[in-house]
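Engineer: Quick one, start.json (JSON, C-alpha atoms):
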```
[["chain", "number", "residue", "atom", "x", "y", "z"],
["L", 8, "MET", "CA", 148.78, 99.25, 108.73],
["L", 9, "LYS", "CA", 145.16, 100.11, 107.87],
["L", 10, "ALA", "CA", 143.16, 102.46, 110.14],
["L", 11, "ASP", "CA", 140.60, 99.72, 110.85],
["L", 12, "GLU", "CA", 143.23, 97.17, 111.93],
["L", 13, "GLY", "CA", 143.69, 96.52, 115.63],
["L", 14, "LYS", "CA", 147.02, 97.65, 117.05],
["L", 15, "TYR", "CA", 146.48, 98.30, 120.80],
["L", 16, "ASN", "CA", 146.13, 95.50, 123.33],
["L", 17, "ILE", "CA", 143.86, 95.86, 126.33],
["L", 18, "LYS", "CA", 146.72, 96.74, 128.71],
["L", 19, "ALA", "CA", 147.82, 99.61, 126.48],
["L", 20, "VAL", "CA", 144.25, 100.88, 126.21],
["L", 21, "SER", "CA", 143.81, 100.59, 129.99],
["L", 22, "ASN", "CA", 146.91, 102.73, 130.57],
["L", 23, "MET", "CA", 145.86, 105.19, 127.88],
["L", 24, "LEU", "CA", 142.37, 105.76, 129.33],
["L", 25, "GLY", "CA", 142.93, 105.15, 133.02],
["L", 26, "VAL", "CA", 140.25, 102.44, 133.02],
["L", 27, "GLN", "CA", 140.83, 98.93, 134.40],
["L", 28, "PRO", "CA", 140.85, 96.07, 131.82],
["L", 29, "GLY", "CA", 137.98, 94.36, 133.66],
["L", 30, "THR", "CA", 135.88, 97.51, 133.34],
["L", 31, "LEU", "CA", 136.61, 97.74, 129.62],
["L", 32, "ARG", "CA", 135.57, 94.12, 129.11],
["L", 33, "ALA", "CA", 132.37, 94.68, 131.12],
["L", 34, "TRP", "CA", 131.47, 97.76, 129.03],
["L", 35, "GLU", "CA", 131.98, 95.82, 125.81],
["L", 36, "ARG", "CA", 129.94, 92.86, 127.06],
["L", 37, "ARG", "CA", 127.00, 94.87, 128.41],
["L", 38, "TYR", "CA", 126.70, 97.66, 125.86],
["L", 39, "GLN", "CA", 128.34, 96.31, 122.66],
["L", 40, "MET", "CA", 129.52, 99.86, 121.83],
["L", 41, "ILE", "CA", 132.73, 98.52, 120.26],
["L", 42, "ALA", "CA", 133.90, 95.13, 119.01],
["L", 43, "PRO", "CA", 137.68, 94.69, 119.25],
["L", 44, "VAL", "CA", 139.29, 92.44, 116.69],
["L", 45, "ARG", "CA", 141.19, 89.36, 117.87],
["L", 46, "ASN", "CA", 144.72, 88.30, 117.02],
["L", 47, "ASP", "CA", 145.74, 84.70, 116.35],
["L", 48, "SER", "CA", 146.01, 84.08, 120.08],
["L", 49, "GLY", "CA", 142.49, 85.38, 120.69],
["L", 50, "HIS", "CA", 143.58, 88.57, 122.46],
["L", 51, "ARG", "CA", 141.68, 91.83, 121.99],
["L", 52, "LEU", "CA", 143.17, 94.43, 119.65],
["L", 53, "TYR", "CA", 141.73, 97.95, 119.52],
["L", 54, "THR", "CA", 141.73, 100.31, 116.52],
["L", 55, "ASP", "CA", 142.17, 104.09, 116.53],
["L", 56, "GLU", "CA", 138.40, 104.40, 116.05],
["L", 57, "HIS", "CA", 137.81, 102.23, 119.12],
["L", 58, "ILE", "CA", 140.13, 104.50, 121.12],
["L", 59, "ARG", "CA", 138.27, 107.60, 119.94],
["L", 60, "LYS", "CA", 134.92, 106.16, 121.04],
["L", 61, "LEU", "CA", 136.28, 104.98, 124.38],
["L", 62, "LYS", "CA", 137.91, 108.34, 125.10],
["L", 63, "TRP", "CA", 134.58, 110.03, 124.40],
["L", 64, "LEU", "CA", 132.75, 107.67, 126.76],
["L", 65, "VAL", "CA", 135.35, 108.13, 129.51],
["L", 66, "SER", "CA", 135.06, 111.93, 129.20],
["L", 67, "LYS", "CA", 131.31, 111.68, 129.79],
["L", 68, "VAL", "CA", 131.73, 109.35, 132.76],
["L", 69, "ASN", "CA", 134.27, 111.80, 134.24],
["L", 70, "ALA", "CA", 131.70, 114.57, 133.69],
["L", 71, "GLY", "CA", 129.22, 112.76, 135.96],
["L", 72, "PHE", "CA", 127.22, 110.53, 133.61],
["L", 73, "THR", "CA", 126.81, 106.81, 134.18],
["L", 74, "ILE", "CA", 128.27, 104.57, 131.49],
["L", 75, "SER", "CA", 124.76, 103.64, 130.29],
["L", 76, "GLN", "CA", 123.88, 107.33, 129.92],
["L", 77, "ALA", "CA", 127.13, 107.95, 128.08],
["L", 78, "VAL", "CA", 126.44, 105.11, 125.66],
["L", 79, "ALA", "CA", 122.93, 106.48, 125.04],
["L", 80, "LEU", "CA", 124.40, 109.91, 124.30],
["L", 81, "SER", "CA", 126.92, 108.33, 121.95],
["L", 82, "GLU", "CA", 124.09, 106.72, 120.01],
["L", 83, "GLN", "CA", 122.33, 110.10, 119.75],
["L", 84, "GLU", "CA", 125.48, 111.68, 118.41],
["L", 85, "HIS", "CA", 125.64, 109.25, 115.44],
["L", 86, "ASP", "CA", 129.40, 109.77, 115.39],
["L", 87, "GLN", "CA", 128.90, 113.15, 113.70],
["L", 88, "ILE", "CA", 131.80, 115.62, 114.03],
["L", 89, "ILE", "CA", 130.69, 119.22, 114.08],
["L", 90, "SER", "CA", 133.13, 122.02, 113.32],
["L", 91, "GLY", "CA", 133.50, 125.66, 112.24],
["L", 92, "ASP", "CA", 130.32, 127.56, 111.34],
["L", 93, "GLN", "CA", 128.33, 124.36, 111.64],
["L", 94, "ASN", "CA", 129.46, 124.10, 115.26],
["L", 95, "GLU", "CA", 128.37, 127.65, 116.08],
["L", 96, "ASN", "CA", 125.03, 127.17, 114.33],
["L", 97, "GLN", "CA", 124.42, 123.98, 116.31],
["L", 98, "LEU", "CA", 125.28, 125.81, 119.53],
["L", 99, "THR", "CA", 122.81, 128.59, 118.72],
["L", 100, "VAL", "CA", 120.05, 126.14, 117.84],
["L", 101, "LEU", "CA", 120.61, 124.19, 121.06],
["L", 102, "ARG", "CA", 120.41, 127.38, 123.13],
["L", 103, "GLU", "CA", 117.23, 128.54, 121.43],
["L", 104, "ASP", "CA", 115.56, 125.12, 121.63],
["L", 105, "LEU", "CA", 116.44, 124.72, 125.31],
["L", 106, "LEU", "CA", 115.19, 128.20, 126.18],
["L", 107, "TYR", "CA", 111.95, 127.49, 124.31],
["L", 108, "ALA", "CA", 111.46, 124.17, 126.16],
["L", 109, "LEU", "CA", 112.03, 125.88, 129.52],
["L", 110, "MET", "CA", 109.55, 128.64, 128.69],
["L", 111, "LYS", "CA", 106.99, 125.97, 127.70],
["L", 112, "PHE", "CA", 107.53, 124.10, 131.00],
["L", 113, "ASP", "CA", 108.59, 121.05, 128.96],
["L", 114, "GLU", "CA", 110.85, 119.22, 131.42],
["L", 115, "SER", "CA", 111.37, 116.08, 129.31],
["L", 116, "ARG", "CA", 112.41, 118.07, 126.23],
["L", 117, "ALA", "CA", 114.70, 120.28, 128.33],
["L", 118, "HIS", "CA", 116.56, 117.28, 129.74],
["L", 119, "ASP", "CA", 116.87, 115.71, 126.29],
["L", 120, "LEU", "CA", 118.44, 118.92, 124.95],
["L", 121, "ILE", "CA", 120.85, 119.18, 127.88],
["L", 122, "ASN", "CA", 121.89, 115.56, 127.27],
["L", 123, "GLU", "CA", 122.44, 116.38, 123.61],
["L", 124, "ALA", "CA", 124.58, 119.38, 124.54],
["L", 125, "PHE", "CA", 126.81, 117.25, 126.79],
["L", 126, "SER", "CA", 127.15, 114.68, 124.02],
["L", 127, "LEU", "CA", 128.49, 117.29, 121.60],
["L", 128, "TYR", "CA", 130.56, 119.66, 123.72],
["L", 129, "THR", "CA", 132.84, 119.73, 126.73],
["L", 130, "VAL", "CA", 131.40, 120.29, 130.20],
["L", 131, "ASP", "CA", 132.91, 123.79, 130.36],
["L", 132, "LYS", "CA", 131.42, 124.79, 127.00],
["L", 133, "VAL", "CA", 127.96, 123.54, 127.95],
["L", 134, "LEU", "CA", 128.11, 125.34, 131.30],
["L", 135, "VAL", "CA", 129.36, 128.69, 130.03],
["L", 136, "ASP", "CA", 128.18, 128.95, 126.42],
["L", 137, "ILE", "CA", 124.82, 127.20, 126.72],
["L", 138, "LEU", "CA", 123.53, 127.07, 130.31],
["L", 139, "GLY", "CA", 125.26, 130.29, 131.36],
["L", 140, "SER", "CA", 124.01, 132.12, 128.27],
["L", 141, "ILE", "CA", 120.45, 130.91, 128.85],
["L", 142, "LEU", "CA", 120.69, 131.91, 132.50],
["L", 143, "ILE", "CA", 121.56, 135.48, 131.55],
["L", 144, "LYS", "CA", 118.74, 135.58, 128.99],
["L", 145, "ILE", "CA", 116.18, 134.32, 131.51],
["L", 146, "GLY", "CA", 117.35, 136.90, 134.05],
["L", 147, "VAL", "CA", 116.94, 139.72, 131.54],
["L", 148, "LEU", "CA", 113.50, 138.49, 130.43],
["L", 149, "TRP", "CA", 112.36, 138.26, 134.05],
["L", 150, "GLU", "CA", 113.75, 141.69, 134.97],
["L", 151, "GLU", "CA", 111.97, 143.23, 131.97],
["L", 152, "GLY", "CA", 108.69, 141.57, 132.95],
["L", 153, "ARG", "CA", 108.55, 139.49, 129.76],
["L", 154, "ILE", "CA", 108.32, 136.17, 131.63],
["L", 155, "THR", "CA", 106.67, 135.27, 134.93],
["L", 156, "THR", "CA", 108.26, 134.26, 138.21],
["L", 157, "ALA", "CA", 106.91, 130.77, 137.49],
["L", 158, "HIS", "CA", 109.00, 130.60, 134.30],
["L", 159, "GLU", "CA", 112.11, 131.73, 136.16],
["L", 160, "HIS", "CA", 111.57, 129.25, 139.01],
["L", 161, "PHE", "CA", 110.92, 126.33, 136.65],
["L", 162, "ALA", "CA", 114.03, 127.03, 134.57],
["L", 163, "THR", "CA", 116.12, 127.48, 137.69],
["L", 164, "SER", "CA", 114.91, 124.17, 139.12],
["L", 165, "ILE", "CA", 115.79, 122.22, 135.95],
["L", 166, "LEU", "CA", 119.22, 123.78, 135.49],
["L", 167, "ARG", "CA", 120.10, 123.60, 139.18],
["L", 168, "SER", "CA", 119.33, 119.88, 139.33],
["L", 169, "ARG", "CA", 121.62, 119.08, 136.38],
["L", 170, "ILE", "CA", 124.45, 121.31, 137.56],
["L", 171, "GLY", "CA", 124.18, 119.97, 141.11],
["L", 172, "ILE", "CA", 124.62, 116.37, 139.92],
["L", 173, "LEU", "CA", 127.81, 117.35, 138.14],
["L", 174, "MET", "CA", 129.18, 119.41, 141.02],
["L", 175, "HIS", "CA", 129.29, 116.54, 143.47],
["L", 176, "SER", "CA", 130.97, 114.19, 141.01],
["L", 177, "PHE", "CA", 134.30, 116.03, 140.90],
["L", 178, "PRO", "CA", 137.10, 115.26, 143.38],
["L", 179, "GLN", "CA", 138.58, 118.04, 145.49],
["L", 180, "ASN", "CA", 142.28, 118.76, 145.96],
["L", 181, "ASN", "CA", 142.95, 119.38, 149.65],
["L", 182, "PHE", "CA", 146.20, 121.16, 148.76],
["L", 183, "LEU", "CA", 144.30, 123.96, 146.98],
["L", 184, "PRO", "CA", 142.84, 126.88, 148.98],
["L", 185, "LYS", "CA", 139.32, 126.68, 150.37],
["L", 186, "VAL", "CA", 136.57, 128.69, 148.68],
["L", 187, "VAL", "CA", 133.23, 129.99, 149.96],
["L", 188, "ALA", "CA", 130.56, 130.80, 147.36],
["L", 189, "VAL", "CA", 127.39, 132.72, 148.22],
["L", 190, "CYS", "CA", 124.93, 135.18, 146.70],
["L", 191, "SER", "CA", 125.28, 138.81, 147.77],
["L", 192, "PRO", "CA", 122.88, 140.31, 150.36],
["L", 193, "GLY", "CA", 119.25, 140.22, 149.23],
["L", 194, "GLU", "CA", 120.13, 138.09, 146.19],
["L", 195, "TRP", "CA", 118.19, 134.87, 145.56],
["L", 196, "HIS", "CA", 119.18, 134.15, 141.96],
["L", 197, "GLU", "CA", 121.89, 131.54, 142.49],
["L", 198, "LEU", "CA", 122.27, 129.79, 139.13],
["L", 199, "GLY", "CA", 125.09, 132.01, 137.92],
["L", 200, "LEU", "CA", 126.96, 131.35, 141.14],
["L", 201, "LEU", "CA", 126.29, 127.63, 140.78],
["L", 202, "ILE", "CA", 127.80, 127.56, 137.28],
["L", 203, "PHE", "CA", 130.87, 129.48, 138.43],
["L", 204, "THR", "CA", 131.20, 127.19, 141.46],
["L", 205, "LEU", "CA", 131.07, 124.09, 139.28],
["L", 206, "TYR", "CA", 133.83, 125.55, 137.12],
["L", 207, "ILE", "CA", 136.20, 126.01, 140.06],
["L", 208, "ARG", "CA", 135.17, 122.66, 141.56],
["L", 209, "ARG", "CA", 136.30, 121.08, 138.27],
["L", 210, "LYS", "CA", 139.70, 122.65, 138.90],
["L", 211, "GLY", "CA", 139.88, 120.81, 142.23],
["L", 212, "PHE", "CA", 139.16, 123.64, 144.67],
["L", 213, "ASN", "CA", 137.49, 122.74, 147.96],
["L", 214, "VAL", "CA", 134.28, 124.76, 147.67],
["L", 215, "ILE", "CA", 131.73, 125.43, 150.39],
["L", 216, "TYR", "CA", 128.62, 126.37, 148.41],
["L", 217, "LEU", "CA", 126.07, 128.40, 150.40],
["L", 218, "GLY", "CA", 123.74, 129.39, 147.54],
["L", 219, "SER", "CA", 121.25, 132.24, 147.91],
["L", 220, "SER", "CA", 121.62, 135.15, 150.32],
["L", 221, "ILE", "CA", 122.16, 134.26, 153.98],
["L", 222, "LYS", "CA", 121.25, 136.22, 157.12],
["L", 223, "GLU", "CA", 123.29, 139.36, 157.74],
["L", 224, "GLY", "CA", 126.30, 138.57, 159.91],
["L", 225, "ASP", "CA", 126.26, 134.84, 159.16],
["L", 226, "ILE", "CA", 128.94, 135.14, 156.49],
["L", 227, "GLN", "CA", 131.45, 136.17, 159.15],
["L", 228, "THR", "CA", 130.64, 133.00, 161.10],
["L", 229, "VAL", "CA", 131.29, 130.91, 157.99],
["L", 230, "LEU", "CA", 134.57, 132.69, 157.25],
["L", 231, "ASP", "CA", 135.79, 132.31, 160.84],
["L", 232, "THR", "CA", 134.96, 128.60, 160.77],
["L", 233, "VAL", "CA", 136.23, 127.68, 157.29],
["L", 234, "GLU", "CA", 139.13, 130.17, 157.00],
["L", 235, "PRO", "CA", 138.96, 130.23, 153.18],
["L", 236, "LYS", "CA", 141.37, 131.95, 150.82],
["L", 237, "PHE", "CA", 138.60, 133.00, 148.43],
["L", 238, "LEU", "CA", 135.07, 134.32, 148.80],
["L", 239, "PHE", "CA", 132.97, 134.53, 145.64],
["L", 240, "MET", "CA", 129.72, 136.49, 145.60],
["L", 241, "SER", "CA", 127.12, 136.72, 142.85],
["L", 242, "CYS", "CA", 124.78, 139.64, 142.21],
["L", 243, "THR", "CA", 122.14, 139.42, 139.48],
["L", 244, "LEU", "CA", 119.83, 142.37, 140.29],
["L", 245, "LYS", "CA", 121.13, 145.94, 140.18],
["L", 246, "ASP", "CA", 119.10, 146.88, 143.26],
["L", 247, "ASN", "CA", 121.34, 144.58, 145.33],
["L", 248, "LEU", "CA", 124.64, 145.90, 143.97],
["L", 249, "SER", "CA", 125.25, 148.61, 146.58],
["L", 250, "ARG", "CA", 124.80, 146.15, 149.44],
["L", 251, "ALA", "CA", 127.28, 143.79, 147.79],
["L", 252, "LYS", "CA", 129.85, 146.59, 147.52],
["L", 253, "ASP", "CA", 129.32, 147.60, 151.14],
["L", 254, "LEU", "CA", 129.84, 144.02, 152.29],
["L", 255, "ILE", "CA", 133.10, 143.80, 150.32],
["L", 256, "ILE", "CA", 134.42, 146.92, 152.06],
["L", 257, "ASP", "CA", 133.50, 145.53, 155.50],
["L", 258, "LEU", "CA", 134.96, 142.07, 154.86],
["L", 259, "GLU", "CA", 138.20, 143.35, 153.33],
["L", 260, "ALA", "CA", 138.75, 145.49, 156.43],
["L", 261, "GLU", "CA", 138.13, 142.52, 158.73],
["L", 262, "TYR", "CA", 139.83, 139.73, 156.73],
["L", 263, "LYS", "CA", 143.09, 141.08, 155.30],
["L", 264, "ASP", "CA", 144.15, 137.84, 153.57],
["L", 265, "LEU", "CA", 140.76, 137.08, 152.00],
["L", 266, "ALA", "CA", 140.46, 137.49, 148.21],
["L", 267, "ILE", "CA", 136.89, 138.51, 147.35],
["L", 268, "GLY", "CA", 135.49, 138.00, 143.86],
["L", 269, "LEU", "CA", 132.25, 139.54, 142.62],
["L", 270, "GLY", "CA", 130.32, 138.45, 139.52],
["L", 271, "GLY", "CA", 126.83, 138.16, 138.07],
["L", 272, "HIS", "CA", 124.61, 140.00, 135.61],
["L", 273, "ALA", "CA", 124.37, 143.23, 137.64],
["L", 274, "VAL", "CA", 128.15, 143.30, 138.05],
["L", 275, "ASN", "CA", 128.73, 142.75, 134.34],
["L", 276, "MET", "CA", 126.45, 145.70, 133.55],
["L", 277, "MET", "CA", 128.38, 148.15, 135.77],
["L", 278, "ASN", "CA", 129.75, 151.27, 134.05],
["L", 279, "ASP", "CA", 133.30, 152.53, 134.57],
["L", 280, "ASP", "CA", 132.32, 154.85, 137.42],
["L", 281, "GLU", "CA", 130.55, 152.05, 139.27],
["L", 282, "LYS", "CA", 133.62, 149.83, 138.91],
["L", 283, "LYS", "CA", 136.01, 152.34, 140.53],
["L", 284, "GLY", "CA", 137.59, 150.91, 143.65],
["L", 285, "TYR", "CA", 136.34, 147.40, 142.89],
["L", 286, "GLU", "CA", 138.39, 146.51, 139.83],
["L", 287, "LYS", "CA", 140.36, 143.84, 141.69],
["L", 288, "ASN", "CA", 137.12, 142.15, 142.78],
["L", 289, "LEU", "CA", 135.52, 141.71, 139.35],
["L", 290, "VAL", "CA", 135.85, 138.08, 138.22],
["L", 291, "GLY", "CA", 134.68, 138.76, 134.66],
["L", 292, "LEU", "CA", 132.30, 137.35, 132.08],
["L", 293, "ASN", "CA", 133.72, 134.03, 130.94],
["L", 294, "LYS", "CA", 136.01, 131.18, 131.94],
["L", 295, "GLU", "CA", 139.08, 132.96, 130.52],
["L", 296, "ASP", "CA", 138.33, 135.93, 132.80],
["L", 297, "TRP", "CA", 137.72, 133.59, 135.74],
["L", 298, "GLU", "CA", 140.98, 131.77, 135.11],
["L", 299, "ASP", "CA", 142.86, 135.06, 134.96],
["L", 300, "TRP", "CA", 141.29, 136.35, 138.19],
["L", 301, "ILE", "CA", 142.06, 133.15, 140.11],
["L", 302, "SER", "CA", 145.64, 133.07, 138.80],
["L", 303, "LYS", "CA", 146.29, 136.68, 139.84],
["L", 304, "ALA", "CA", 144.76, 136.12, 143.29],
["L", 305, "LEU", "CA", 146.90, 133.01, 143.85],
["L", 306, "ASN", "CA", 150.04, 134.85, 142.77],
["L", 307, "MET", "CA", 149.29, 137.72, 145.15],
["L", 308, "SER", "CA", 148.80, 135.32, 148.05],
["L", 309, "ALA", "CA", 152.14, 133.63, 147.28],
["L", 310, "ASN", "CA", 154.06, 136.92, 147.41]]
```
Go ahead and render the structure in this file as structure tokens.
Structural biologist:
Amino acid sequence: MKADEGKYNIKAVSNMLGVQPGTLRAWERRYQMIAPVRNDSGHRLYTDEHIRKLKWLVSKVNAGFTISQAVALSEQEHDQIISGDQNENQLTVLREDLLYALMKFDESRAHDLINEAFSLYTVDKVLVDILGSILIKIGVLWEEGRITTAHEHFATSILRSRIGILMHSFPQNNFLPKVVAVCSPGEWHELGLLIFTLYIRRKGFNVIYLGSSIKEGDIQTVLDTVEPKFLFMSCTLKDNLSRAKDLIIDLEAEYKDLAIGLGGHAVNMMNDDEKKGYEKNLVGLNKEDWEDWISKALNMSAN
């Protein structure tokens, strides 16, 4: 059978993608993104190429895009498959172009580049390797006085809006432990925490996201009310690191079963001496580290 010959009926495709037949027919009718062939009885038959395109569209819808947005992104992609060095080069160019657009206060261009990133890569890769990387770069530039507070606020606003849309699109698994996410005392740079929170929300955790630093003593009220298994704190500025450490000591003494994770730029820059006594709290730099930390914490709670 040739690759361009139809071999899947609409019921098989529906089961394969988890999309109702009526929805598939509506997508085809409204957006003409594929044109199934017909058998002698007039029934739709889908090719492997149709399945590939539909799987791509479904992945974008599951990531929080509307079907019309997903179709638009598909058209931008021009069905180009990027791999190897070409993939890494494209990733680097996207990062640099997006950073440049943010530093030029070019909101339209920034959104176009973020859309392009989601059309080419998985949600996790965009979050960690593009948005997360840019976040760190902006934080360093701001700390070194090479960009203004206006630049930092503008970039934060754009990235927060896109990440926030995604965050609320993922279902939560009530059988998984509850999580509280908040910036450490005195810390107002919340984007890193937001990216990490979206990552664990994608895994189904029930996350209560508090954002930037809250009033001293309020975190205990939240913990008493929610009774979470995990507390994640983010610290971007080194000046706030000692207060974050002190809070960990106080909370671990008060909440024996609470697993506390600490991350952020300032945490990642800690030397070996600064890490002593807090090794179990450090969530790491990337999603592999995060996955490992969560897995270990869950195993400890089960024992």
Engineer: Skipping near chain neighbours, those fewer than 5 positions away, what residues fall within 12 Å of Lys287 in chain L using only C-alpha atoms, listed as a PyMOL selection string?
Structural biologist: chain L and resi 255+259+266-270+282+299-301+303-304+307
Engineer: Need to verify the contact set: Leu138 in chain L, 10 Å, all atoms listed in the file, exclusion of same-chain residues closer than 3 positions in sequence. Can you return it as a PyMOL selection string?
Structural biologist: chain L and resi 102+105-106+121+124+131-135+141-144+166+170+198-199+202
Engineer: Considering all atoms listed in the file, return as number ranges by chain whatever protein or nucleic-acid residues lie within 12 Å of Glu35 in chain L, sequence-local ones (same chain, fewer than 5 positions apart) excluded.
Structural biologist: L: 17, 28-30, 40-43, 51, 53, 57, 60-61, 64, 74-75, 78
Engineer: Looking at all atoms listed in the file, which of L:Leu127, L:Gln97, L:Gly193, L:Ala260 is the one that sits closest to Lys222 in chain L?
Structural biologist: L:Gly193
Engineer: Given the point (144.9, 101.4, 116.1) in the coordinates of this file, which residues lie within 6 Å, counting only C-alpha atoms, and how would they look as a PDB file with C-alpha atoms, keeping the file's coordinate frame?
Structural biologist:
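Result written to point.pdb:
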```pdb
ATOM      1  CA  GLY L  13     143.690  96.520 115.630  1.00  0.00           C
ATOM      2  CA  LYS L  14     147.020  97.650 117.050  1.00  0.00           C
ATOM      3  CA  TYR L  15     146.480  98.300 120.800  1.00  0.00           C
ATOM      4  CA  TYR L  53     141.730  97.950 119.520  1.00  0.00           C
ATOM      5  CA  THR L  54     141.730 100.310 116.520  1.00  0.00           C
ATOM      6  CA  ASP L  55     142.170 104.090 116.530  1.00  0.00           C
TER       7      ASP L  55
END
```
Engineer: What separation in Å, quoted to one decimal, exists between CA of Gly284 in chain L and CA of Leu265 in chain L?
Structural biologist: 16.5 Å
Engineer: Pick from L:Gln76, L:Ser66, L:Thr243, L:Asn16: nearest to Met276 in chain L, with all atoms listed in the file counted?
Structural biologist: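 Of L:Gln76, L:Ser66, L:Thr243, L:Asn16, the one nearest Met276 in chain L is L:Thr243, counting all atoms listed in the file.
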Engineer: Taking only C-alpha atoms into account, name the residue in L:Ile58, L:Cys242, L:Val65, L:Val233 that is nearest to Gly271 in chain L.
Structural biologist: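 Comparing L:Ile58, L:Cys242, L:Val65, L:Val233 against Gly271 in chain L, the winner is L:Cys242.
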Engineer: Could you check the closest approach to Leu183 in chain L for each of L:Lys62, L:Lys236, L:Lys294, L:Arg250 and tell me which residue wins, using only C-alpha atoms?
Structural biologist: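 Closest to Leu183 in chain L of all the choices is L:Lys236.
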Engineer: Check the smallest atom-to-atom distance from each of L:Leu201, L:Val189, L:Ala108, L:Leu217 to Met240 in chain L using only C-alpha atoms, then report the winner.
Structural biologist: L:Val189
Engineer: Hey, what's within 10 Å of Trp149 in chain L if we count all atoms listed in the file and toss same-chain stuff fewer than 6 positions away? As a PyMOL selection string, please?
Structural biologist: chain L and resi 143+155-159
Engineer: CA of Asn288 in chain L and CA of Ser140 in chain L, how far apart in Å?
Structural biologist: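 According to the coordinates, CA of Ser140 in chain L and CA of Asn288 in chain L are separated by 22.0 Å.
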Engineer: Point out the residue among L:Ala117, L:Val130, L:Ile215, L:Phe125 with the least atom-to-atom distance to Phe161 in chain L, counting only C-alpha atoms.
Structural biologist: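 Of L:Ala117, L:Val130, L:Ile215, L:Phe125, the one nearest Phe161 in chain L, counting only C-alpha atoms, is L:Ala117.
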Engineer: So how many Å separate CA of Asn213 in chain L and CA of Leu200 in chain L, to one decimal?
Structural biologist: 15.2 Å
Engineer: Once 6 Å is added on each side, what are the centre and the three edge lengths, in Å to one decimal, of the axis-aligned box enclosing the listed atoms of range 287-291 of chain L? Present them as AutoDock Vina command-line options.
Structural biologist:
```
--center_x 137.5 --center_y 141.0 --center_z 138.7 --size_x 17.7 --size_y 17.8 --size_z 20.1
```
Engineer: Should you be able to, write range 232-282 of chain L of this structure into a file that contains C-alpha atoms, as a tab-separated table (two decimals), in the first residue's frame.
Structural biologist:
```tsv
chain	number	residue	atom	x	y	z
L	232	THR	CA	-5.11	25.69	55.45
L	233	VAL	CA	-3.93	23.72	52.40
L	234	GLU	CA	-1.87	21.01	54.16
L	235	PRO	CA	0.38	20.46	51.12
L	236	LYS	CA	3.02	17.78	50.70
L	237	PHE	CA	5.38	20.12	48.83
L	238	LEU	CA	6.42	23.75	49.17
L	239	PHE	CA	8.50	25.21	46.36
L	240	MET	CA	10.28	28.53	46.79
L	241	SER	CA	12.17	30.57	44.22
L	242	CYS	CA	15.04	32.97	44.89
L	243	THR	CA	16.55	35.01	42.06
L	244	LEU	CA	18.61	37.65	43.93
L	245	LYS	CA	21.53	36.63	46.13
L	246	ASP	CA	20.63	39.27	48.72
L	247	ASN	CA	17.46	37.30	49.50
L	248	LEU	CA	19.16	33.91	49.84
L	249	SER	CA	19.86	34.02	53.58
L	250	ARG	CA	16.23	34.82	54.37
L	251	ALA	CA	15.12	31.90	52.21
L	252	LYS	CA	17.44	29.55	54.10
L	253	ASP	CA	16.22	30.83	57.45
L	254	LEU	CA	12.62	30.26	56.44
L	255	ILE	CA	13.40	26.68	55.39
L	256	ILE	CA	14.90	25.97	58.82
L	257	ASP	CA	11.84	27.42	60.59
L	258	LEU	CA	9.30	25.60	58.41
L	259	GLU	CA	11.07	22.23	58.56
L	260	ALA	CA	11.02	22.45	62.36
L	261	GLU	CA	7.30	23.27	62.38
L	262	TYR	CA	6.09	21.01	59.53
L	263	LYS	CA	7.85	17.65	59.81
L	264	ASP	CA	6.14	16.03	56.80
L	265	LEU	CA	6.58	18.99	54.44
L	266	ALA	CA	9.10	18.60	51.59
L	267	ILE	CA	10.59	22.00	50.77
L	268	GLY	CA	12.24	22.67	47.42
L	269	LEU	CA	14.36	25.73	46.66
L	270	GLY	CA	15.34	26.94	43.19
L	271	GLY	CA	16.10	30.05	41.16
L	272	HIS	CA	19.12	31.89	39.80
L	273	ALA	CA	20.61	32.77	43.21
L	274	VAL	CA	20.25	29.15	44.33
L	275	ASN	CA	21.90	27.83	41.18
L	276	MET	CA	24.88	30.14	41.77
L	277	MET	CA	25.52	28.86	45.32
L	278	ASN	CA	28.99	27.43	46.00
L	279	ASP	CA	29.56	24.15	47.84
L	280	ASP	CA	29.88	25.83	51.24
L	281	GLU	CA	26.60	27.71	50.76
L	282	LYS	CA	24.85	24.46	49.84
```
